[in-house]
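Source file run-v2.cif; content: mmCIF, N, CA and C atoms.
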data_run
loop_
_atom_site.label_atom_id
_atom_site.label_comp_id
_atom_site.auth_asym_id
_atom_site.auth_seq_id
_atom_site.Cartn_x
_atom_site.Cartn_y
_atom_site.Cartn_z
N MET A 3 73.70 -29.35 62.74
CA MET A 3 75.11 -29.21 63.03
C MET A 3 75.89 -30.26 62.25
N GLU A 4 77.05 -29.85 61.70
CA GLU A 4 77.85 -30.78 60.92
C GLU A 4 78.67 -31.64 61.86
N THR A 5 78.93 -32.87 61.41
CA THR A 5 79.67 -33.80 62.24
C THR A 5 81.02 -34.09 61.61
N ALA A 6 81.84 -34.81 62.35
CA ALA A 6 83.17 -35.17 61.83
C ALA A 6 83.01 -36.05 60.60
N GLY A 7 84.03 -36.06 59.79
CA GLY A 7 83.99 -36.83 58.55
C GLY A 7 84.12 -35.91 57.37
N LYS A 8 83.80 -36.43 56.19
CA LYS A 8 83.96 -35.64 54.97
C LYS A 8 82.61 -35.21 54.43
N GLN A 9 82.63 -34.08 53.78
CA GLN A 9 81.47 -33.58 53.09
C GLN A 9 81.39 -34.26 51.72
N GLY A 10 80.31 -34.08 51.02
CA GLY A 10 80.15 -34.65 49.70
C GLY A 10 81.16 -34.11 48.70
N HIS A 11 81.70 -32.92 48.90
CA HIS A 11 82.65 -32.33 47.98
C HIS A 11 84.09 -32.71 48.32
N GLY A 12 84.31 -33.66 49.23
CA GLY A 12 85.64 -34.14 49.55
C GLY A 12 86.37 -33.36 50.62
N LEU A 13 85.76 -32.33 51.16
CA LEU A 13 86.41 -31.53 52.18
C LEU A 13 86.05 -32.04 53.57
N PRO A 14 86.97 -31.87 54.51
CA PRO A 14 86.66 -32.27 55.88
C PRO A 14 85.44 -31.49 56.39
N ALA A 15 84.70 -32.11 57.29
CA ALA A 15 83.51 -31.46 57.84
C ALA A 15 83.91 -30.28 58.70
N GLY A 16 82.98 -29.42 58.93
CA GLY A 16 83.19 -28.22 59.74
C GLY A 16 82.24 -27.17 59.21
N THR A 17 82.20 -26.05 59.88
CA THR A 17 81.33 -24.99 59.41
C THR A 17 81.93 -24.35 58.17
N ALA A 18 81.11 -23.63 57.44
CA ALA A 18 81.61 -22.91 56.27
C ALA A 18 82.72 -21.95 56.69
N THR A 19 82.51 -21.25 57.79
CA THR A 19 83.53 -20.31 58.27
C THR A 19 84.84 -21.01 58.56
N GLN A 20 84.79 -22.16 59.19
CA GLN A 20 86.01 -22.92 59.47
C GLN A 20 86.72 -23.31 58.17
N ARG A 21 85.96 -23.69 57.16
CA ARG A 21 86.58 -24.05 55.87
C ARG A 21 87.14 -22.82 55.18
N PHE A 22 86.46 -21.68 55.27
CA PHE A 22 87.01 -20.44 54.69
C PHE A 22 88.35 -20.11 55.35
N TYR A 23 88.41 -20.22 56.67
CA TYR A 23 89.65 -19.93 57.38
C TYR A 23 90.75 -20.93 56.98
N ALA A 24 90.38 -22.19 56.85
CA ALA A 24 91.37 -23.21 56.49
C ALA A 24 91.96 -22.95 55.10
N VAL A 25 91.12 -22.60 54.15
CA VAL A 25 91.61 -22.29 52.80
C VAL A 25 92.48 -21.04 52.84
N THR A 26 92.06 -20.02 53.55
CA THR A 26 92.82 -18.77 53.62
C THR A 26 94.20 -19.01 54.22
N ARG A 27 94.30 -19.90 55.19
CA ARG A 27 95.61 -20.21 55.79
C ARG A 27 96.58 -20.80 54.78
N LEU A 28 96.07 -21.38 53.71
CA LEU A 28 96.94 -22.01 52.71
C LEU A 28 97.56 -21.02 51.73
N ILE A 29 97.07 -19.80 51.67
CA ILE A 29 97.56 -18.83 50.68
C ILE A 29 99.01 -18.48 50.99
N PRO A 30 99.91 -18.74 50.04
CA PRO A 30 101.33 -18.47 50.30
C PRO A 30 101.66 -16.99 50.39
N PHE A 31 102.75 -16.70 51.06
CA PHE A 31 103.31 -15.35 51.18
C PHE A 31 103.47 -14.75 49.78
N GLY A 32 103.03 -13.51 49.59
CA GLY A 32 103.19 -12.83 48.32
C GLY A 32 102.20 -13.22 47.25
N ARG A 33 101.19 -14.02 47.61
CA ARG A 33 100.17 -14.46 46.66
C ARG A 33 98.80 -14.02 47.17
N LEU A 34 97.82 -14.05 46.27
CA LEU A 34 96.47 -13.59 46.57
C LEU A 34 95.43 -14.58 46.10
N LEU A 35 94.28 -14.56 46.74
CA LEU A 35 93.07 -15.23 46.25
C LEU A 35 91.94 -14.22 46.32
N THR A 36 90.92 -14.44 45.51
CA THR A 36 89.73 -13.61 45.60
C THR A 36 88.76 -14.24 46.60
N TYR A 37 87.85 -13.43 47.09
CA TYR A 37 86.83 -13.94 48.01
C TYR A 37 86.08 -15.11 47.38
N GLY A 38 85.74 -14.96 46.10
CA GLY A 38 85.00 -16.01 45.41
C GLY A 38 85.77 -17.31 45.28
N ARG A 39 87.07 -17.20 45.03
CA ARG A 39 87.88 -18.41 44.88
C ARG A 39 88.05 -19.11 46.23
N VAL A 40 88.19 -18.34 47.31
CA VAL A 40 88.25 -18.96 48.64
C VAL A 40 86.97 -19.77 48.86
N ALA A 41 85.83 -19.16 48.53
CA ALA A 41 84.54 -19.84 48.71
C ALA A 41 84.50 -21.14 47.89
N GLU A 42 84.91 -21.07 46.63
CA GLU A 42 84.90 -22.26 45.77
C GLU A 42 85.79 -23.36 46.33
N LEU A 43 87.02 -23.01 46.70
CA LEU A 43 87.95 -24.01 47.22
C LEU A 43 87.47 -24.60 48.54
N ALA A 44 86.64 -23.86 49.27
CA ALA A 44 86.08 -24.34 50.53
C ALA A 44 84.79 -25.15 50.30
N GLY A 45 84.39 -25.27 49.03
CA GLY A 45 83.20 -26.05 48.73
C GLY A 45 81.90 -25.27 48.78
N HIS A 46 81.99 -23.94 48.68
CA HIS A 46 80.81 -23.08 48.77
C HIS A 46 80.77 -22.10 47.60
N PHE A 47 80.57 -22.61 46.41
CA PHE A 47 80.53 -21.78 45.21
C PHE A 47 79.50 -20.67 45.37
N GLY A 48 79.88 -19.46 44.99
CA GLY A 48 78.96 -18.33 45.05
C GLY A 48 78.86 -17.65 46.41
N ALA A 49 79.73 -18.01 47.34
CA ALA A 49 79.64 -17.46 48.69
C ALA A 49 80.73 -16.43 48.99
N ALA A 50 81.08 -15.62 48.00
CA ALA A 50 82.16 -14.64 48.18
C ALA A 50 81.87 -13.68 49.33
N ARG A 51 80.66 -13.19 49.41
CA ARG A 51 80.33 -12.24 50.50
C ARG A 51 80.43 -12.89 51.86
N GLN A 52 80.07 -14.16 51.94
CA GLN A 52 80.18 -14.87 53.22
C GLN A 52 81.64 -14.99 53.63
N VAL A 53 82.54 -15.17 52.65
CA VAL A 53 83.97 -15.21 52.96
C VAL A 53 84.39 -13.86 53.56
N GLY A 54 83.97 -12.78 52.93
CA GLY A 54 84.30 -11.45 53.44
C GLY A 54 83.81 -11.25 54.86
N TRP A 55 82.59 -11.66 55.12
CA TRP A 55 82.05 -11.50 56.47
C TRP A 55 82.81 -12.38 57.47
N ALA A 56 83.16 -13.60 57.05
CA ALA A 56 83.90 -14.49 57.95
C ALA A 56 85.26 -13.89 58.29
N LEU A 57 85.96 -13.37 57.28
CA LEU A 57 87.28 -12.79 57.54
C LEU A 57 87.17 -11.53 58.39
N ARG A 58 86.12 -10.79 58.17
CA ARG A 58 85.91 -9.57 58.96
C ARG A 58 85.65 -9.90 60.43
N ARG A 59 85.07 -11.05 60.69
CA ARG A 59 84.74 -11.45 62.07
C ARG A 59 85.91 -12.09 62.81
N LEU A 60 87.08 -12.19 62.17
CA LEU A 60 88.22 -12.75 62.90
C LEU A 60 88.40 -11.97 64.20
N PRO A 61 88.60 -12.67 65.30
CA PRO A 61 88.66 -11.99 66.58
C PRO A 61 89.83 -11.02 66.72
N ASP A 62 90.89 -11.23 65.98
CA ASP A 62 92.06 -10.37 66.08
C ASP A 62 92.69 -10.29 64.70
N LEU A 63 92.86 -9.09 64.18
CA LEU A 63 93.44 -8.95 62.84
C LEU A 63 94.90 -9.37 62.80
N ASP A 64 95.57 -9.46 63.95
CA ASP A 64 96.93 -9.96 64.01
C ASP A 64 96.81 -11.46 64.30
N THR A 65 96.64 -12.23 63.24
CA THR A 65 96.30 -13.64 63.38
C THR A 65 97.17 -14.49 62.45
N VAL A 66 97.15 -15.78 62.68
CA VAL A 66 97.89 -16.69 61.79
C VAL A 66 97.14 -16.91 60.48
N ILE A 67 95.91 -16.46 60.42
CA ILE A 67 95.13 -16.56 59.17
C ILE A 67 95.43 -15.32 58.35
N PRO A 68 96.08 -15.46 57.19
CA PRO A 68 96.49 -14.28 56.40
C PRO A 68 95.32 -13.67 55.62
N TRP A 69 94.38 -13.11 56.35
CA TRP A 69 93.16 -12.52 55.79
C TRP A 69 93.48 -11.44 54.76
N HIS A 70 94.60 -10.78 54.91
CA HIS A 70 94.97 -9.67 54.03
C HIS A 70 95.28 -10.13 52.60
N ARG A 71 95.47 -11.43 52.39
CA ARG A 71 95.78 -11.96 51.06
C ARG A 71 94.54 -12.26 50.24
N VAL A 72 93.37 -11.89 50.75
CA VAL A 72 92.11 -12.11 50.03
C VAL A 72 91.59 -10.75 49.58
N VAL A 73 91.34 -10.63 48.27
CA VAL A 73 90.90 -9.37 47.67
C VAL A 73 89.69 -9.61 46.79
N ASN A 74 89.10 -8.54 46.29
CA ASN A 74 87.92 -8.72 45.46
C ASN A 74 88.29 -9.14 44.03
N ALA A 75 87.32 -9.53 43.27
CA ALA A 75 87.54 -10.09 41.93
C ALA A 75 88.07 -9.07 40.93
N ARG A 76 87.96 -7.79 41.26
CA ARG A 76 88.50 -6.74 40.38
C ARG A 76 89.98 -6.49 40.64
N GLY A 77 90.56 -7.21 41.60
CA GLY A 77 91.96 -7.01 41.93
C GLY A 77 92.16 -5.78 42.78
N CYS A 78 91.25 -5.57 43.71
CA CYS A 78 91.32 -4.40 44.59
C CYS A 78 91.06 -4.81 46.03
N ILE A 79 91.62 -4.01 46.91
CA ILE A 79 91.24 -4.08 48.32
C ILE A 79 89.88 -3.41 48.40
N SER A 80 88.97 -4.00 49.12
CA SER A 80 87.65 -3.40 49.29
C SER A 80 87.75 -2.29 50.32
N LEU A 81 87.90 -1.04 49.84
CA LEU A 81 88.03 0.12 50.71
C LEU A 81 86.66 0.55 51.22
N SER A 82 86.57 0.77 52.52
CA SER A 82 85.29 1.16 53.10
C SER A 82 85.51 1.73 54.49
N GLU A 83 84.77 2.78 54.81
CA GLU A 83 84.83 3.34 56.16
C GLU A 83 84.37 2.33 57.20
N SER A 84 83.49 1.42 56.80
CA SER A 84 82.98 0.44 57.76
C SER A 84 84.06 -0.56 58.19
N ARG A 85 85.18 -0.60 57.47
CA ARG A 85 86.26 -1.51 57.85
C ARG A 85 87.13 -0.95 58.96
N GLU A 86 86.84 0.28 59.38
CA GLU A 86 87.51 0.90 60.53
C GLU A 86 89.02 0.84 60.45
N GLY A 87 89.58 1.04 59.26
CA GLY A 87 91.02 1.08 59.08
C GLY A 87 91.67 -0.22 58.68
N SER A 88 90.92 -1.34 58.73
CA SER A 88 91.54 -2.61 58.36
C SER A 88 91.90 -2.65 56.88
N ASP A 89 91.23 -1.82 56.06
CA ASP A 89 91.58 -1.77 54.63
C ASP A 89 92.98 -1.18 54.46
N TRP A 90 93.32 -0.17 55.24
CA TRP A 90 94.65 0.41 55.16
C TRP A 90 95.69 -0.51 55.76
N LEU A 91 95.32 -1.26 56.78
CA LEU A 91 96.22 -2.27 57.34
C LEU A 91 96.47 -3.36 56.29
N GLN A 92 95.42 -3.78 55.60
CA GLN A 92 95.55 -4.79 54.55
C GLN A 92 96.51 -4.29 53.47
N ARG A 93 96.36 -3.04 53.06
CA ARG A 93 97.24 -2.45 52.05
C ARG A 93 98.70 -2.53 52.50
N GLN A 94 98.97 -2.14 53.74
CA GLN A 94 100.34 -2.15 54.24
C GLN A 94 100.90 -3.56 54.35
N LEU A 95 100.09 -4.50 54.80
CA LEU A 95 100.55 -5.89 54.90
C LEU A 95 100.90 -6.46 53.53
N LEU A 96 100.10 -6.12 52.52
CA LEU A 96 100.40 -6.59 51.16
C LEU A 96 101.67 -5.93 50.62
N ILE A 97 101.84 -4.66 50.85
CA ILE A 97 103.07 -3.98 50.44
C ILE A 97 104.27 -4.63 51.12
N ASP A 98 104.14 -4.97 52.40
CA ASP A 98 105.21 -5.63 53.13
C ASP A 98 105.58 -6.98 52.52
N GLU A 99 104.64 -7.59 51.80
CA GLU A 99 104.90 -8.86 51.14
C GLU A 99 105.37 -8.68 49.70
N GLY A 100 105.60 -7.43 49.29
CA GLY A 100 106.10 -7.17 47.95
C GLY A 100 105.03 -7.01 46.89
N ILE A 101 103.80 -6.85 47.31
CA ILE A 101 102.69 -6.66 46.37
C ILE A 101 102.38 -5.16 46.31
N ALA A 102 102.62 -4.56 45.16
CA ALA A 102 102.36 -3.13 45.00
C ALA A 102 100.86 -2.87 45.03
N VAL A 103 100.47 -1.88 45.81
CA VAL A 103 99.07 -1.47 45.93
C VAL A 103 99.02 0.04 45.78
N ASP A 104 98.20 0.54 44.86
CA ASP A 104 98.12 2.00 44.69
C ASP A 104 97.17 2.61 45.72
N GLY A 105 97.05 3.92 45.70
CA GLY A 105 96.22 4.64 46.65
C GLY A 105 94.75 4.33 46.56
N GLU A 106 94.33 3.75 45.43
CA GLU A 106 92.92 3.38 45.25
C GLU A 106 92.67 1.92 45.66
N GLY A 107 93.72 1.24 46.14
CA GLY A 107 93.58 -0.15 46.57
C GLY A 107 93.74 -1.17 45.45
N ARG A 108 94.17 -0.72 44.26
CA ARG A 108 94.34 -1.65 43.13
C ARG A 108 95.69 -2.34 43.20
N LEU A 109 95.71 -3.60 42.76
CA LEU A 109 96.94 -4.36 42.71
C LEU A 109 96.94 -5.25 41.48
N ASN A 110 98.08 -5.83 41.18
CA ASN A 110 98.21 -6.66 39.99
C ASN A 110 97.80 -8.09 40.32
N LEU A 111 96.50 -8.35 40.22
CA LEU A 111 95.97 -9.67 40.56
C LEU A 111 96.52 -10.74 39.63
N ARG A 112 96.65 -10.41 38.36
CA ARG A 112 97.16 -11.39 37.40
C ARG A 112 98.55 -11.89 37.80
N ARG A 113 99.37 -11.00 38.30
CA ARG A 113 100.75 -11.36 38.67
C ARG A 113 100.80 -12.15 39.98
N HIS A 114 99.95 -11.82 40.92
CA HIS A 114 100.05 -12.38 42.28
C HIS A 114 98.99 -13.43 42.61
N LEU A 115 98.10 -13.71 41.68
CA LEU A 115 97.03 -14.67 41.95
C LEU A 115 97.59 -16.07 42.18
N TRP A 116 97.16 -16.68 43.26
CA TRP A 116 97.54 -18.06 43.56
C TRP A 116 96.53 -18.96 42.88
N THR A 117 97.00 -19.92 42.08
CA THR A 117 96.11 -20.81 41.33
C THR A 117 96.43 -22.26 41.69
N PRO A 118 96.03 -22.67 42.88
CA PRO A 118 96.34 -24.04 43.31
C PRO A 118 95.46 -25.06 42.60
N ASP A 119 95.95 -26.27 42.52
CA ASP A 119 95.15 -27.38 42.04
C ASP A 119 94.12 -27.68 43.15
N PRO A 120 92.83 -27.65 42.84
CA PRO A 120 91.83 -27.89 43.89
C PRO A 120 92.02 -29.21 44.63
N SER A 121 92.47 -30.25 43.94
CA SER A 121 92.68 -31.53 44.63
C SER A 121 93.82 -31.43 45.64
N GLU A 122 94.82 -30.59 45.36
CA GLU A 122 95.90 -30.37 46.32
C GLU A 122 95.39 -29.62 47.55
N VAL A 123 94.49 -28.67 47.35
CA VAL A 123 93.89 -27.95 48.47
C VAL A 123 93.12 -28.93 49.34
N VAL A 124 92.33 -29.80 48.73
CA VAL A 124 91.57 -30.80 49.50
C VAL A 124 92.53 -31.68 50.28
N ARG A 125 93.63 -32.11 49.64
CA ARG A 125 94.60 -32.98 50.32
C ARG A 125 95.20 -32.26 51.53
N LEU A 126 95.58 -31.00 51.35
CA LEU A 126 96.16 -30.24 52.46
C LEU A 126 95.15 -30.04 53.59
N LEU A 127 93.91 -29.77 53.23
CA LEU A 127 92.88 -29.58 54.26
C LEU A 127 92.61 -30.88 55.01
N GLU A 128 92.59 -31.99 54.29
CA GLU A 128 92.38 -33.28 54.94
C GLU A 128 93.51 -33.61 55.90
N ALA A 129 94.74 -33.20 55.54
CA ALA A 129 95.91 -33.47 56.37
C ALA A 129 96.00 -32.51 57.54
N GLY A 130 95.13 -31.48 57.54
CA GLY A 130 95.18 -30.49 58.61
C GLY A 130 96.38 -29.56 58.49
N ALA A 131 96.92 -29.44 57.29
CA ALA A 131 98.10 -28.59 57.07
C ALA A 131 97.77 -27.14 57.33
N PRO A 132 98.61 -26.43 58.09
CA PRO A 132 98.37 -25.03 58.35
C PRO A 132 98.59 -24.16 57.14
N GLY A 133 99.40 -24.60 56.20
CA GLY A 133 99.62 -23.82 54.98
C GLY A 133 100.83 -22.92 55.06
N PRO A 134 101.37 -22.59 53.90
CA PRO A 134 102.57 -21.76 53.83
C PRO A 134 102.22 -20.28 53.91
N THR A 135 102.17 -19.73 55.11
CA THR A 135 101.77 -18.34 55.25
C THR A 135 102.95 -17.39 55.38
N GLU A 136 104.13 -17.88 55.59
CA GLU A 136 105.32 -17.03 55.74
C GLU A 136 106.35 -17.40 54.68
N PRO A 137 107.25 -16.46 54.37
CA PRO A 137 108.27 -16.76 53.36
C PRO A 137 109.18 -17.87 53.84
N SER A 138 109.69 -18.65 52.89
CA SER A 138 110.63 -19.71 53.23
C SER A 138 111.98 -19.09 53.56
N PRO A 139 112.72 -19.69 54.50
CA PRO A 139 114.05 -19.17 54.79
C PRO A 139 114.93 -19.27 53.55
N ALA A 140 115.73 -18.25 53.31
CA ALA A 140 116.58 -18.24 52.11
C ALA A 140 117.82 -19.06 52.31
#

The structure in this file should be written as C-alpha cells.
Amino acid sequence: METAGKQGHGLPAGTATQRFYAVTRLIPFGRLLTYGRVAELAGHFGAARQVGWALRRLPDLDTVIPWHRVVNARGCISLSESREGSDWLQRQLLIDEGIAVDGEGRLNLRRHLWTPDPSEVVRLLEAGAPGPTEPSPA
C-alpha cells in the first residue's frame, strides 16, 4: 500500500487510479487529453488502458471528474456496446463544450488537445488543485 508523501516521479502518493482521476480533473473545458497522456502525466507511462478502466469505474458518470474529455490516441471516442450508452453521453457532453464530434465518434484532436507543461501538472497536483473543469465566467 502506498503511503503519504511523494513518489519518485514527483507526484503526490496515492493509487494509480487516484492519480488518473486527479489528472483528469485538470483538463480544461473544451480541451481533450488522450488516455495515454493522462497515464503519462499521472506517472504511469504506457498505462492507457488502465486509465480507460479507471474512468469506466467511476461510480457516477455525472461527476466532477470530466471523464468525457479523455479520448483515444486516434482522436476518437471509443464506441462500444459494452459502454452501455456512455459513449453517446460522452459525444453529447463534448458537443456541449463546443467540440464537434461526427457520427463515427471522430473529433479534431489537433485543435482541442490540451498540452500542459508536465511540471505545472505536478505543481497543481501537489497543491491539491481541483482543476479548471468549467468555463470561466465571461

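Interatomic distance, CA of Thr65 in chain A against CA of Phe31 in chain A: 14.2 Å.
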
May I ask for the distance between CA of Cys78 in chain A and atom N of Gly38 in chain A, given in Å to one decimal place?
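The value is 12.0 Å.
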
What does the PyMOL selection byres ((chain A and resi 71) around 6.5) select in this file, as a list in words?
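So the PyMOL selection byres ((chain A and resi 71) around 6.5) ends up selecting Arg33, Leu34, Leu35, Thr36, Pro68, Trp69, His70, Val72 and Val73 of chain A.
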
Please write as a VMD selection string the full residue list that the PyMOL selection byres ((chain A and resi 111) around 8) yields on this file.
chain A and resid 34 75 to 78 108 to 110 112 to 116

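Counting only N, CA and C atoms, Gly100 in chain A has the following residues at most 7 Å away, ignoring those fewer than 4 positions along the same chain: A:Gly32, A:Leu95, A:Leu96.
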
Selected residues written out with N, CA and C atoms, as a PDB file, in the coordinates of the input:
ATOM      1  N   GLY A  32     103.030 -13.510  49.590  1.00  0.00           N
ATOM      2  CA  GLY A  32     103.190 -12.830  48.320  1.00  0.00           C
ATOM      3  C   GLY A  32     102.200 -13.220  47.250  1.00  0.00           C
ATOM      4  N   LEU A  95     100.090  -4.500  54.800  1.00  0.00           N
ATOM      5  CA  LEU A  95     100.550  -5.890  54.900  1.00  0.00           C
ATOM      6  C   LEU A  95     100.900  -6.460  53.530  1.00  0.00           C
ATOM      7  N   LEU A  96     100.100  -6.120  52.520  1.00  0.00           N
ATOM      8  CA  LEU A  96     100.400  -6.590  51.160  1.00  0.00           C
ATOM      9  C   LEU A  96     101.670  -5.930  50.620  1.00  0.00           C
TER      10      LEU A  96
END

d(atom C of Leu60 in chain A, CA of Ile101 in chain A) in Å
23.5 Å

Please evaluate the PyMOL selection byres (((chain A and resi 27 and name CA) around 12) and name CA) against the structure above and give the resulting residues as a PyMOL selection string.
chain A and resi 20-26+28-31+33-35+40+44+57+65-72+123+126-127+130-136

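Of the listed residues A:Ala129, A:Asn74, A:Arg59, A:Ile79, the one whose atoms come nearest to Tyr37 in chain A is A:Asn74, with distances taken using only C-alpha atoms.
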
Residues near Pro120 in chain A, cut-off 8 Å, all atoms listed in the file, skip fewer than 5 positions along chain, as a short mmCIF file (atom, residue, chain, number, x, y, z; two decimals) with N, CA and C atoms, in the frame of the given file:
data_model
loop_
_atom_site.label_atom_id
_atom_site.label_comp_id
_atom_site.auth_asym_id
_atom_site.auth_seq_id
_atom_site.Cartn_x
_atom_site.Cartn_y
_atom_site.Cartn_z
N GLU A 42 84.91 -21.07 46.63
CA GLU A 42 84.90 -22.26 45.77
C GLU A 42 85.79 -23.36 46.33
N LEU A 43 87.02 -23.01 46.70
CA LEU A 43 87.95 -24.01 47.22
C LEU A 43 87.47 -24.60 48.54
N ARG A 125 93.63 -32.11 49.64
CA ARG A 125 94.60 -32.98 50.32
C ARG A 125 95.20 -32.26 51.53
N LEU A 126 95.58 -31.00 51.35
CA LEU A 126 96.16 -30.24 52.46
C LEU A 126 95.15 -30.04 53.59
#

Pick the closest to Trp90 in chain A from A:Pro118, A:Gly107, A:Ala102, A:Val124: which is it, counting only C-alpha atoms?
A:Gly107

Show me, as JSON, the centre and edge lengths in Å to one decimal of the axis-aligned box that covers every listed atom of range 67-71 of chain A with 3 Å on each side.
{"center_x": 94.8, "center_y": -13.1, "center_z": 55.3, "size_x": 9.3, "size_y": 12.9, "size_z": 16.2}

Could you model all heavy atoms for range 27-35 of chain A and present them as a short mmCIF file (atom, residue, chain, number, x, y, z; two decimals), keeping the file's coordinate frame?
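Now in out33.cif:
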data_model
loop_
_atom_site.label_atom_id
_atom_site.label_comp_id
_atom_site.auth_asym_id
_atom_site.auth_seq_id
_atom_site.Cartn_x
_atom_site.Cartn_y
_atom_site.Cartn_z
N ARG A 27 94.30 -19.90 55.19
CA ARG A 27 95.61 -20.21 55.79
C ARG A 27 96.58 -20.80 54.78
O ARG A 27 97.79 -20.72 54.98
CB ARG A 27 95.44 -21.21 56.94
CG ARG A 27 94.96 -20.56 58.20
CD ARG A 27 95.00 -21.54 59.33
NE ARG A 27 96.38 -21.93 59.58
CZ ARG A 27 96.88 -22.18 60.77
NH1 ARG A 27 96.11 -22.10 61.82
NH2 ARG A 27 98.13 -22.52 60.91
N LEU A 28 96.07 -21.38 53.71
CA LEU A 28 96.94 -22.01 52.71
C LEU A 28 97.56 -21.02 51.73
O LEU A 28 98.50 -21.37 51.02
CB LEU A 28 96.14 -23.05 51.91
CG LEU A 28 95.59 -24.24 52.68
CD1 LEU A 28 94.72 -25.10 51.77
CD2 LEU A 28 96.71 -25.06 53.29
N ILE A 29 97.07 -19.80 51.67
CA ILE A 29 97.56 -18.83 50.68
C ILE A 29 99.01 -18.48 50.99
O ILE A 29 99.31 -17.98 52.07
CB ILE A 29 96.71 -17.55 50.66
CG1 ILE A 29 95.22 -17.87 50.45
CG2 ILE A 29 97.22 -16.60 49.56
CD1 ILE A 29 94.29 -16.68 50.66
N PRO A 30 99.91 -18.74 50.04
CA PRO A 30 101.33 -18.47 50.30
C PRO A 30 101.66 -16.99 50.39
O PRO A 30 100.96 -16.13 49.84
CB PRO A 30 102.04 -19.07 49.07
CG PRO A 30 101.04 -19.96 48.42
CD PRO A 30 99.70 -19.41 48.76
N PHE A 31 102.75 -16.70 51.06
CA PHE A 31 103.31 -15.35 51.18
C PHE A 31 103.47 -14.75 49.78
O PHE A 31 103.98 -15.41 48.87
CB PHE A 31 104.67 -15.45 51.88
CG PHE A 31 105.32 -14.13 52.16
CD1 PHE A 31 105.10 -13.48 53.36
CD2 PHE A 31 106.17 -13.56 51.23
CE1 PHE A 31 105.73 -12.27 53.63
CE2 PHE A 31 106.79 -12.34 51.49
CZ PHE A 31 106.58 -11.70 52.69
N GLY A 32 103.03 -13.51 49.59
CA GLY A 32 103.19 -12.83 48.32
C GLY A 32 102.20 -13.22 47.25
O GLY A 32 102.31 -12.81 46.10
N ARG A 33 101.19 -14.02 47.61
CA ARG A 33 100.17 -14.46 46.66
C ARG A 33 98.80 -14.02 47.17
O ARG A 33 98.63 -13.70 48.33
CB ARG A 33 100.20 -15.98 46.49
CG ARG A 33 101.56 -16.53 46.13
CD ARG A 33 102.07 -16.02 44.82
NE ARG A 33 101.48 -16.83 43.77
CZ ARG A 33 101.71 -16.66 42.49
NH1 ARG A 33 102.51 -15.73 42.08
NH2 ARG A 33 101.14 -17.42 41.60
N LEU A 34 97.82 -14.05 46.27
CA LEU A 34 96.47 -13.59 46.57
C LEU A 34 95.43 -14.58 46.10
O LEU A 34 95.66 -15.33 45.15
CB LEU A 34 96.20 -12.26 45.85
CG LEU A 34 97.16 -11.11 46.11
CD1 LEU A 34 96.95 -10.01 45.09
CD2 LEU A 34 96.97 -10.59 47.52
N LEU A 35 94.28 -14.56 46.74
CA LEU A 35 93.07 -15.23 46.25
C LEU A 35 91.94 -14.22 46.32
O LEU A 35 91.99 -13.27 47.11
CB LEU A 35 92.70 -16.44 47.12
CG LEU A 35 93.35 -17.77 46.84
CD1 LEU A 35 92.79 -18.85 47.77
CD2 LEU A 35 93.21 -18.19 45.40
#
